[in-house]
$ cat entry.pdb   # PDB, C-alpha atoms and all ligand atoms
ATOM      1  CA  MET A   1       0.000   0.000   0.000  1.00  0.00           C
ATOM      2  CA  LYS A   2       1.295   3.414  -0.943  1.00  0.00           C
ATOM      3  CA  LEU A   3       0.552   6.403   1.305  1.00  0.00           C
ATOM      4  CA  TYR A   4       0.877   9.836  -0.267  1.00  0.00           C
ATOM      5  CA  SER A   5       1.971  11.938   2.649  1.00  0.00           C
ATOM      6  CA  ASN A   6       4.113  14.804   3.855  1.00  0.00           C
ATOM      7  CA  PRO A   7       6.122  14.925   7.107  1.00  0.00           C
ATOM      8  CA  ALA A   8       4.403  18.241   7.998  1.00  0.00           C
ATOM      9  CA  SER A   9       0.819  17.022   7.452  1.00  0.00           C
ATOM     10  CA  PRO A  10      -1.106  16.280  10.665  1.00  0.00           C
ATOM     11  CA  PHE A  11      -3.777  14.429   8.635  1.00  0.00           C
ATOM     12  CA  ALA A  12      -1.179  12.113   7.092  1.00  0.00           C
ATOM     13  CA  ARG A  13       0.372  11.683  10.540  1.00  0.00           C
ATOM     14  CA  LYS A  14      -2.876  10.133  11.836  1.00  0.00           C
ATOM     15  CA  CYS A  15      -2.532   7.388   9.196  1.00  0.00           C
ATOM     16  CA  ARG A  16       1.162   6.895   9.928  1.00  0.00           C
ATOM     17  CA  VAL A  17       0.447   6.568  13.658  1.00  0.00           C
ATOM     18  CA  ILE A  18      -2.215   3.888  13.046  1.00  0.00           C
ATOM     19  CA  ALA A  19       0.115   2.015  10.653  1.00  0.00           C
ATOM     20  CA  HIS A  20       2.959   2.189  13.193  1.00  0.00           C
ATOM     21  CA  GLU A  21       0.707   0.986  16.016  1.00  0.00           C
ATOM     22  CA  LEU A  22      -0.497  -1.987  13.932  1.00  0.00           C
ATOM     23  CA  GLY A  23       2.905  -2.839  12.438  1.00  0.00           C
ATOM     24  CA  LEU A  24       1.653  -2.190   8.871  1.00  0.00           C
ATOM     25  CA  LYS A  25       4.329  -1.502   6.286  1.00  0.00           C
ATOM     26  CA  LEU A  26       3.364   1.440   4.095  1.00  0.00           C
ATOM     27  CA  ASP A  27       5.279   2.675   1.112  1.00  0.00           C
ATOM     28  CA  VAL A  28       5.283   6.378   2.095  1.00  0.00           C
ATOM     29  CA  VAL A  29       5.635   8.850  -0.775  1.00  0.00           C
ATOM     30  CA  ASP A  30       6.205  12.439   0.336  1.00  0.00           C
ATOM     31  CA  ILE A  31       4.734  15.091  -1.924  1.00  0.00           C
ATOM     32  CA  ALA A  32       3.813  18.790  -1.747  1.00  0.00           C
ATOM     33  CA  ALA A  33       0.141  18.343  -2.695  1.00  0.00           C
ATOM     34  CA  ARG A  34      -0.606  22.049  -2.831  1.00  0.00           C
ATOM     35  CA  ASP A  35       1.722  22.560  -5.784  1.00  0.00           C
ATOM     36  CA  ASP A  36       1.036  19.276  -7.561  1.00  0.00           C
ATOM     37  CA  GLU A  37      -1.863  19.448 -10.052  1.00  0.00           C
ATOM     38  CA  GLY A  38      -0.902  15.992 -11.355  1.00  0.00           C
ATOM     39  CA  PHE A  39      -1.818  14.547  -7.961  1.00  0.00           C
ATOM     40  CA  ARG A  40      -5.495  15.045  -8.891  1.00  0.00           C
ATOM     41  CA  ALA A  41      -5.214  11.805 -10.874  1.00  0.00           C
ATOM     42  CA  ILE A  42      -4.956  10.040  -7.492  1.00  0.00           C
ATOM     43  CA  ASN A  43      -7.079  12.339  -5.342  1.00  0.00           C
ATOM     44  CA  PRO A  44      -9.308  14.731  -7.323  1.00  0.00           C
ATOM     45  CA  LEU A  45      -9.398  16.936  -4.203  1.00  0.00           C
ATOM     46  CA  LYS A  46      -5.564  17.207  -4.415  1.00  0.00           C
ATOM     47  CA  LYS A  47      -5.107  16.607  -0.696  1.00  0.00           C
ATOM     48  CA  ILE A  48      -2.894  14.304   1.250  1.00  0.00           C
ATOM     49  CA  PRO A  49      -3.194  11.771   2.731  1.00  0.00           C
ATOM     50  CA  ALA A  50      -4.246   9.404  -0.036  1.00  0.00           C
ATOM     51  CA  LEU A  51      -3.785   5.648   0.178  1.00  0.00           C
ATOM     52  CA  VAL A  52      -3.324   3.647  -3.020  1.00  0.00           C
ATOM     53  CA  LEU A  53      -4.216  -0.008  -2.548  1.00  0.00           C
ATOM     54  CA  ASP A  54      -2.517  -2.929  -4.256  1.00  0.00           C
ATOM     55  CA  ASP A  55      -5.300  -3.089  -6.888  1.00  0.00           C
ATOM     56  CA  GLY A  56      -4.579   0.544  -7.829  1.00  0.00           C
ATOM     57  CA  SER A  57      -7.691   2.039  -6.232  1.00  0.00           C
ATOM     58  CA  ALA A  58      -7.270   5.076  -4.007  1.00  0.00           C
ATOM     59  CA  LEU A  59      -8.774   6.042  -0.674  1.00  0.00           C
ATOM     60  CA  PHE A  60      -8.686   9.579   0.581  1.00  0.00           C
ATOM     61  CA  ASP A  61      -9.661  11.655   3.615  1.00  0.00           C
ATOM     62  CA  SER A  62      -7.811  10.678   6.782  1.00  0.00           C
ATOM     63  CA  PRO A  63     -10.867   9.323   8.692  1.00  0.00           C
ATOM     64  CA  VAL A  64     -11.542   6.902   5.816  1.00  0.00           C
ATOM     65  CA  ILE A  65      -7.906   5.841   5.470  1.00  0.00           C
ATOM     66  CA  CYS A  66      -7.482   5.415   9.234  1.00  0.00           C
ATOM     67  CA  GLU A  67     -10.582   3.252   9.479  1.00  0.00           C
ATOM     68  CA  TYR A  68      -9.412   1.165   6.509  1.00  0.00           C
ATOM     69  CA  LEU A  69      -5.946   0.657   8.048  1.00  0.00           C
ATOM     70  CA  ASN A  70      -7.541  -0.173  11.398  1.00  0.00           C
ATOM     71  CA  GLU A  71      -9.676  -2.908   9.821  1.00  0.00           C
ATOM     72  CA  PHE A  72      -6.871  -4.173   7.603  1.00  0.00           C
ATOM     73  CA  GLY A  73      -4.522  -4.454  10.583  1.00  0.00           C
ATOM     74  CA  GLY A  74      -7.101  -5.816  13.049  1.00  0.00           C
ATOM     75  CA  GLY A  75      -6.883  -2.726  15.269  1.00  0.00           C
ATOM     76  CA  LYS A  76      -9.213  -1.446  17.953  1.00  0.00           C
ATOM     77  CA  PHE A  77      -8.879   2.276  17.277  1.00  0.00           C
ATOM     78  CA  PHE A  78     -12.490   2.533  16.054  1.00  0.00           C
ATOM     79  CA  PRO A  79     -14.768   1.204  18.792  1.00  0.00           C
ATOM     80  CA  GLY A  80     -17.648  -0.942  17.512  1.00  0.00           C
ATOM     81  CA  LYS A  81     -21.237   0.227  17.330  1.00  0.00           C
ATOM     82  CA  THR A  82     -22.508   1.417  20.698  1.00  0.00           C
ATOM     83  CA  VAL A  83     -25.411   3.462  21.916  1.00  0.00           C
ATOM     84  CA  TRP A  84     -24.535   7.106  22.572  1.00  0.00           C
ATOM     85  CA  GLN A  85     -22.280   7.545  25.598  1.00  0.00           C
ATOM     86  CA  GLN A  86     -20.745  10.892  26.336  1.00  0.00           C
ATOM     87  CA  ASN A  87     -17.393   9.679  27.627  1.00  0.00           C
ATOM     88  CA  SER A  88     -16.611   6.439  25.800  1.00  0.00           C
ATOM     89  CA  GLY A  89     -17.521   4.280  22.828  1.00  0.00           C
ATOM     90  CA  ARG A  90     -17.759   4.858  19.091  1.00  0.00           C
ATOM     91  CA  TRP A  91     -19.468   8.252  19.097  1.00  0.00           C
ATOM     92  CA  LYS A  92     -17.069   9.680  21.649  1.00  0.00           C
ATOM     93  CA  ALA A  93     -14.110   8.501  19.523  1.00  0.00           C
ATOM     94  CA  LEU A  94     -15.578   9.841  16.271  1.00  0.00           C
ATOM     95  CA  GLY A  95     -16.621  13.115  17.915  1.00  0.00           C
ATOM     96  CA  LEU A  96     -13.110  13.626  19.256  1.00  0.00           C
ATOM     97  CA  GLN A  97     -11.700  12.825  15.817  1.00  0.00           C
ATOM     98  CA  ALA A  98     -14.018  15.458  14.273  1.00  0.00           C
ATOM     99  CA  LEU A  99     -12.891  18.063  16.811  1.00  0.00           C
ATOM    100  CA  GLY A 100      -9.199  17.294  16.231  1.00  0.00           C
ATOM    101  CA  ASP A 101      -9.685  17.322  12.439  1.00  0.00           C
ATOM    102  CA  GLY A 102     -11.511  20.664  12.701  1.00  0.00           C
ATOM    103  CA  ILE A 103      -8.632  22.199  14.651  1.00  0.00           C
ATOM    104  CA  MET A 104      -6.208  20.884  12.031  1.00  0.00           C
ATOM    105  CA  ASP A 105      -8.369  22.200   9.158  1.00  0.00           C
ATOM    106  CA  ALA A 106      -8.332  25.714  10.654  1.00  0.00           C
ATOM    107  CA  ALA A 107      -4.639  25.589  11.601  1.00  0.00           C
ATOM    108  CA  VAL A 108      -3.564  24.330   8.161  1.00  0.00           C
ATOM    109  CA  ALA A 109      -5.770  26.879   6.338  1.00  0.00           C
ATOM    110  CA  CYS A 110      -4.350  29.638   8.547  1.00  0.00           C
ATOM    111  CA  ARG A 111      -0.828  28.506   7.744  1.00  0.00           C
ATOM    112  CA  TYR A 112      -1.627  28.757   4.012  1.00  0.00           C
ATOM    113  CA  GLU A 113      -2.957  32.265   4.601  1.00  0.00           C
ATOM    114  CA  ILE A 114       0.016  33.538   6.607  1.00  0.00           C
ATOM    115  CA  THR A 115       2.546  32.130   4.161  1.00  0.00           C
ATOM    116  CA  GLN A 116       0.945  34.035   1.245  1.00  0.00           C
ATOM    117  CA  PRO A 117       2.779  37.083  -0.086  1.00  0.00           C
ATOM    118  CA  GLU A 118       1.856  39.951   2.248  1.00  0.00           C
ATOM    119  CA  ALA A 119      -0.285  41.771  -0.317  1.00  0.00           C
ATOM    120  CA  ARG A 120      -2.599  38.752  -0.625  1.00  0.00           C
ATOM    121  CA  ARG A 121      -2.861  37.942   3.089  1.00  0.00           C
ATOM    122  CA  ASN A 122      -6.245  38.551   4.686  1.00  0.00           C
ATOM    123  CA  PRO A 123      -6.019  39.364   8.424  1.00  0.00           C
ATOM    124  CA  ASP A 124      -9.764  38.663   8.863  1.00  0.00           C
ATOM    125  CA  HIS A 125      -9.272  35.120   7.623  1.00  0.00           C
ATOM    126  CA  VAL A 126      -6.292  34.638   9.934  1.00  0.00           C
ATOM    127  CA  ALA A 127      -8.331  35.902  12.910  1.00  0.00           C
ATOM    128  CA  ARG A 128     -11.256  33.630  12.043  1.00  0.00           C
ATOM    129  CA  TYR A 129      -9.055  30.531  11.699  1.00  0.00           C
ATOM    130  CA  MET A 130      -7.229  31.259  14.939  1.00  0.00           C
ATOM    131  CA  ALA A 131     -10.534  31.790  16.782  1.00  0.00           C
ATOM    132  CA  THR A 132     -11.544  28.289  15.671  1.00  0.00           C
ATOM    133  CA  VAL A 133      -8.212  26.816  16.771  1.00  0.00           C
ATOM    134  CA  LYS A 134      -8.494  28.449  20.196  1.00  0.00           C
ATOM    135  CA  ALA A 135     -12.126  27.453  20.739  1.00  0.00           C
ATOM    136  CA  GLY A 136     -11.271  23.899  19.699  1.00  0.00           C
ATOM    137  CA  VAL A 137      -8.388  23.682  22.172  1.00  0.00           C
ATOM    138  CA  ALA A 138     -10.603  25.122  24.934  1.00  0.00           C
ATOM    139  CA  ALA A 139     -13.205  22.418  24.202  1.00  0.00           C
ATOM    140  CA  LEU A 140     -10.505  19.725  24.438  1.00  0.00           C
ATOM    141  CA  GLU A 141      -9.538  20.995  27.905  1.00  0.00           C
ATOM    142  CA  ARG A 142     -13.044  20.030  29.094  1.00  0.00           C
ATOM    143  CA  MET A 143     -12.900  16.507  27.648  1.00  0.00           C
ATOM    144  CA  SER A 144     -11.651  13.166  28.944  1.00  0.00           C
ATOM    145  CA  PHE A 145      -9.268  10.899  27.043  1.00  0.00           C
ATOM    146  CA  ALA A 146      -9.181   7.115  26.781  1.00  0.00           C
ATOM    147  CA  GLU A 147      -6.245   4.777  27.383  1.00  0.00           C
ATOM    148  CA  PRO A 148      -5.633   2.734  25.286  1.00  0.00           C
ATOM    149  CA  PRO A 149      -6.260   5.496  22.757  1.00  0.00           C
ATOM    150  CA  THR A 150      -8.917   5.511  20.048  1.00  0.00           C
ATOM    151  CA  ILE A 151      -8.811   7.371  16.740  1.00  0.00           C
ATOM    152  CA  GLY A 152     -10.087  10.325  18.771  1.00  0.00           C
ATOM    153  CA  GLU A 153      -7.025  10.561  21.023  1.00  0.00           C
ATOM    154  CA  ILE A 154      -4.688   9.942  18.053  1.00  0.00           C
ATOM    155  CA  THR A 155      -6.282  12.799  16.100  1.00  0.00           C
ATOM    156  CA  VAL A 156      -6.118  15.171  19.062  1.00  0.00           C
ATOM    157  CA  GLY A 157      -2.442  14.245  19.592  1.00  0.00           C
ATOM    158  CA  CYS A 158      -1.681  14.986  15.920  1.00  0.00           C
ATOM    159  CA  ALA A 159      -3.580  18.297  16.115  1.00  0.00           C
ATOM    160  CA  LEU A 160      -1.638  19.452  19.192  1.00  0.00           C
ATOM    161  CA  GLY A 161       1.619  18.276  17.602  1.00  0.00           C
ATOM    162  CA  TYR A 162       0.804  20.423  14.567  1.00  0.00           C
ATOM    163  CA  LEU A 163       0.153  23.475  16.778  1.00  0.00           C
ATOM    164  CA  ASP A 164       3.559  22.986  18.414  1.00  0.00           C
ATOM    165  CA  PHE A 165       5.147  22.564  14.976  1.00  0.00           C
ATOM    166  CA  ARG A 166       3.607  25.579  13.216  1.00  0.00           C
ATOM    167  CA  TYR A 167       2.416  27.813  16.078  1.00  0.00           C
ATOM    168  CA  ALA A 168       5.089  27.385  18.737  1.00  0.00           C
ATOM    169  CA  ASP A 169       4.280  30.864  20.088  1.00  0.00           C
ATOM    170  CA  LEU A 170       0.595  30.099  20.665  1.00  0.00           C
ATOM    171  CA  GLY A 171       1.273  29.031  24.255  1.00  0.00           C
ATOM    172  CA  TRP A 172      -1.806  26.761  24.363  1.00  0.00           C
ATOM    173  CA  ARG A 173      -0.440  24.920  27.409  1.00  0.00           C
ATOM    174  CA  ASP A 174      -0.558  28.040  29.629  1.00  0.00           C
ATOM    175  CA  SER A 175      -4.336  28.058  29.986  1.00  0.00           C
ATOM    176  CA  HIS A 176      -5.045  24.369  29.324  1.00  0.00           C
ATOM    177  CA  LEU A 177      -3.162  22.559  32.065  1.00  0.00           C
ATOM    178  CA  LYS A 178      -5.182  19.321  32.008  1.00  0.00           C
ATOM    179  CA  LEU A 179      -4.787  18.982  28.250  1.00  0.00           C
ATOM    180  CA  ALA A 180      -1.077  19.796  28.494  1.00  0.00           C
ATOM    181  CA  ALA A 181      -0.554  17.060  31.126  1.00  0.00           C
ATOM    182  CA  TRP A 182      -2.395  14.507  28.969  1.00  0.00           C
ATOM    183  CA  TYR A 183      -0.423  15.486  25.841  1.00  0.00           C
ATOM    184  CA  ALA A 184       2.928  15.354  27.672  1.00  0.00           C
ATOM    185  CA  LYS A 185       2.303  11.625  28.246  1.00  0.00           C
ATOM    186  CA  PHE A 186       0.498  10.878  25.004  1.00  0.00           C
ATOM    187  CA  SER A 187       3.192  12.416  22.819  1.00  0.00           C
ATOM    188  CA  GLN A 188       5.673   9.872  24.207  1.00  0.00           C
ATOM    189  CA  HIS A 189       3.902   6.896  22.614  1.00  0.00           C
ATOM    190  CA  PRO A 190       6.475   5.273  20.271  1.00  0.00           C
ATOM    191  CA  SER A 191       4.098   5.787  17.312  1.00  0.00           C
ATOM    192  CA  MET A 192       3.879   9.519  18.071  1.00  0.00           C
ATOM    193  CA  LEU A 193       7.658   9.843  18.500  1.00  0.00           C
ATOM    194  CA  ALA A 194       8.265   7.948  15.237  1.00  0.00           C
ATOM    195  CA  THR A 195       5.949  10.234  13.239  1.00  0.00           C
ATOM    196  CA  ALA A 196       6.768  13.637  14.781  1.00  0.00           C
ATOM    197  CA  PRO A 197       7.046  16.497  12.278  1.00  0.00           C
ATOM    198  CA  PRO A 198      10.538  17.768  11.480  1.00  0.00           C
ATOM    199  CA  SER A 199      11.970  20.720  13.399  1.00  0.00           C
ATOM    200  CA  PRO A 200      10.404  23.919  11.989  1.00  0.00           C
TER
HETATM  201  N1  LIG B   1     -10.127  16.286   5.281  1.00  0.00           N
HETATM  202  C1  LIG B   1      -8.820  15.942   4.775  1.00  0.00           C
HETATM  203  C2  LIG B   1      -7.883  17.150   4.904  1.00  0.00           C
HETATM  204  C3  LIG B   1      -6.519  16.895   4.273  1.00  0.00           C
HETATM  205  C4  LIG B   1      -5.726  18.180   4.047  1.00  0.00           C
HETATM  206  O1  LIG B   1      -6.219  19.298   4.239  1.00  0.00           O
HETATM  207  N2  LIG B   1      -4.462  18.011   3.628  1.00  0.00           N
HETATM  208  C5  LIG B   1      -3.617  19.155   3.304  1.00  0.00           C
HETATM  209  C6  LIG B   1      -2.204  18.966   3.860  1.00  0.00           C
HETATM  210  S1  LIG B   1      -2.134  18.956   5.603  1.00  0.00           S
HETATM  211  C7  LIG B   1      -3.456  19.229   1.793  1.00  0.00           C
HETATM  212  O2  LIG B   1      -3.185  18.235   1.150  1.00  0.00           O
HETATM  213  N3  LIG B   1      -3.622  20.429   1.201  1.00  0.00           N
HETATM  214  C8  LIG B   1      -3.385  20.645  -0.188  1.00  0.00           C
HETATM  215  C9  LIG B   1      -4.372  21.605  -0.799  1.00  0.00           C
HETATM  216  O3  LIG B   1      -5.332  21.999  -0.094  1.00  0.00           O
HETATM  217  O4  LIG B   1      -4.169  21.942  -1.977  1.00  0.00           O
HETATM  218  C10 LIG B   1      -8.290  14.718   5.534  1.00  0.00           C
HETATM  219  O5  LIG B   1      -8.734  14.479   6.669  1.00  0.00           O
HETATM  220  O6  LIG B   1      -7.471  13.967   4.973  1.00  0.00           O
END
$ encode --input "entry.pdb" --output "structure tokens"
Amino acid sequence: MKLYSNPASPFARKCRVIAHELGLKLDVVDIAARDDEGFRAINPLKKIPALVLDDGSALFDSPVICEYLNEFGGGKFFPGKTVWQQNSGRWKALGLQALGDGIMDAAVACRYEITQPEARRNPDHVARYMATVKAGVAALERMSFAEPPTIGEITVGCALGYLDFRYADLGWRDSHLKLAAWYAKFSQHPSMLATAPPSP
């Protein structure tokens, strides 16, 4: 299986963490999707991650790829069908994944905005993205996290890792002590250490 990825992408990192946890060997191809129109032949949305299976078909969107890898590798990162429970089970895991993905969406979009030439940068967009990032992190502070982790905890870990990577000055730990204590431990999982983004 070939994973189109990039060491800086928090979405691709989710897939790499699951693969590492399950001992799945992926052929990882690093690309800069933003500048690669040809990549639309694999993912028409031109986003990484994309997973190309041995029969040539492609999966995209990190929740889909992660769930596929989880099933392929016999993992337990996606809890089975359960009735709604606020603090555990399938809907908690998927809800946490959605929150982490939403933080990453805003943080990545903001990064694209602030790396534009100055004349094209829109401060209103930057403010709106950062408001979403901050509200998302504040919501995480009020949540509980499972051990062993689900896809929810993995996504949140990748989102916080991305904030440290691209927004080192954000200082999210200062006002989110519970979240910071959880992340200090979570980020030491071998799969998180093995997939950490490069130094900025
Ligand atoms: N919802 C997608 C988001 C993926 C995404 O935004 N990837 C970024 C890199 S971190 C990308 O490929 N951007 C290229 C572009 O937007 O042109 C997922 O979960 O996989």
$ residues_around --input "entry.pdb" --residues "A:Gly95" --least-positions-apart "2" --cutoff "12 Å" --atoms "all atoms listed in the file" --output "PDB file with C-alpha atoms, keeping the file's coordinate frame"
ATOM      1  CA  PRO A  63     -10.867   9.323   8.692  1.00  0.00           C
ATOM      2  CA  PHE A  78     -12.490   2.533  16.054  1.00  0.00           C
ATOM      3  CA  TRP A  84     -24.535   7.106  22.572  1.00  0.00           C
ATOM      4  CA  GLN A  85     -22.280   7.545  25.598  1.00  0.00           C
ATOM      5  CA  GLN A  86     -20.745  10.892  26.336  1.00  0.00           C
ATOM      6  CA  ASN A  87     -17.393   9.679  27.627  1.00  0.00           C
ATOM      7  CA  SER A  88     -16.611   6.439  25.800  1.00  0.00           C
ATOM      8  CA  GLY A  89     -17.521   4.280  22.828  1.00  0.00           C
ATOM      9  CA  ARG A  90     -17.759   4.858  19.091  1.00  0.00           C
ATOM     10  CA  TRP A  91     -19.468   8.252  19.097  1.00  0.00           C
ATOM     11  CA  LYS A  92     -17.069   9.680  21.649  1.00  0.00           C
ATOM     12  CA  ALA A  93     -14.110   8.501  19.523  1.00  0.00           C
ATOM     13  CA  GLN A  97     -11.700  12.825  15.817  1.00  0.00           C
ATOM     14  CA  ALA A  98     -14.018  15.458  14.273  1.00  0.00           C
ATOM     15  CA  LEU A  99     -12.891  18.063  16.811  1.00  0.00           C
ATOM     16  CA  GLY A 100      -9.199  17.294  16.231  1.00  0.00           C
ATOM     17  CA  ASP A 101      -9.685  17.322  12.439  1.00  0.00           C
ATOM     18  CA  GLY A 102     -11.511  20.664  12.701  1.00  0.00           C
ATOM     19  CA  ALA A 139     -13.205  22.418  24.202  1.00  0.00           C
ATOM     20  CA  LEU A 140     -10.505  19.725  24.438  1.00  0.00           C
ATOM     21  CA  MET A 143     -12.900  16.507  27.648  1.00  0.00           C
ATOM     22  CA  PHE A 145      -9.268  10.899  27.043  1.00  0.00           C
ATOM     23  CA  THR A 150      -8.917   5.511  20.048  1.00  0.00           C
ATOM     24  CA  ILE A 151      -8.811   7.371  16.740  1.00  0.00           C
ATOM     25  CA  GLY A 152     -10.087  10.325  18.771  1.00  0.00           C
ATOM     26  CA  GLU A 153      -7.025  10.561  21.023  1.00  0.00           C
ATOM     27  CA  THR A 155      -6.282  12.799  16.100  1.00  0.00           C
ATOM     28  CA  VAL A 156      -6.118  15.171  19.062  1.00  0.00           C
TER      29      VAL A 156
END
$ residues_near_ligand --input "entry.pdb" --ligand "ligand LIG 1 (chain B)" --cutoff "8 Å" --atoms "all atoms listed in the file" --output "list in words"
Asn6, Ala8, Ser9, Pro10, Phe11, Ala12, Ala32, Ala33, Arg34, Asp35, Leu45, Lys46, Lys47, Ile48, Pro49, Ala50, Phe60, Asp61, Ser62, Pro63, Asp101, Met104, Asp105, Val108 and Ala109 of chain A
$ residues_around --input "entry.pdb" --residues "A:Ala180" --least-positions-apart "6" --cutoff "10 Å" --atoms "all atoms listed in the file" --output "number ranges by chain"
A: 141, 160, 172-174, 186
$ residues_around --input "entry.pdb" --residues "stretch 66-73 of chain A" --least-positions-apart "4" --cutoff "8 Å" --atoms "all atoms listed in the file" --output "VMD selection string"
chain A and resid 14 to 15 18 to 19 22 to 24 62 77 to 78 151
$ resolve_selection --input "entry.pdb" --expression "the PyMOL selection byres (((chain A and resi 133) around 10) and not hetatm)" --output "list in words"
Leu99, Gly100, Gly102, Ile103, Met104, Asp105, Ala106, Ala107, Cys110, Ala127, Arg128, Tyr129, Met130, Ala131, Thr132, Lys134, Ala135, Gly136, Val137, Ala138, Ala139, Ala159, Leu163 and Trp172 of chain A
$ residues_around --input "entry.pdb" --residues "A:Thr195" --least-positions-apart "2" --cutoff "10 Å" --atoms "all atoms listed in the file" --output "PyMOL selection string"
chain A and resi 7-8+10+12-17+20+158+190-193+197-198
$ closest_residue --input "entry.pdb" --among "A:Gln116, A:Asn122, A:Ser5, A:Ser199" --to "A:Ile31" --atoms "only C-alpha atoms"
A:Ser5
$ axis_aligned_box --input "entry.pdb" --around "stretch 83-92 of chain A" --padding-each-side "4 Å" --output "AutoDock Vina command-line options"
--center_x -21.0 --center_y 7.2 --center_z 23.4 --size_x 16.8 --size_y 15.4 --size_z 16.5
$ atom_distance --input "entry.pdb" --atom1 "atom CA of A:Pro79" --atom2 "atom CA of A:Ser144"
16.0 Å
$ atom_distance --input "entry.pdb" --atom1 "atom CA of A:Lys2" --atom2 "atom CA of A:Val29"
7.0 Å
$ atom_distance --input "entry.pdb" --atom1 "atom CA of A:Leu96" --atom2 "atom CA of A:Trp182"
14.5 Å
$ residues_around --input "entry.pdb" --residues "A:Leu53" --least-positions-apart "2" --cutoff "9 Å" --atoms "all atoms listed in the file" --output "JSON, numbers by chain"
{"A": [1, 2, 3, 51, 55, 56, 57, 58, 59]}
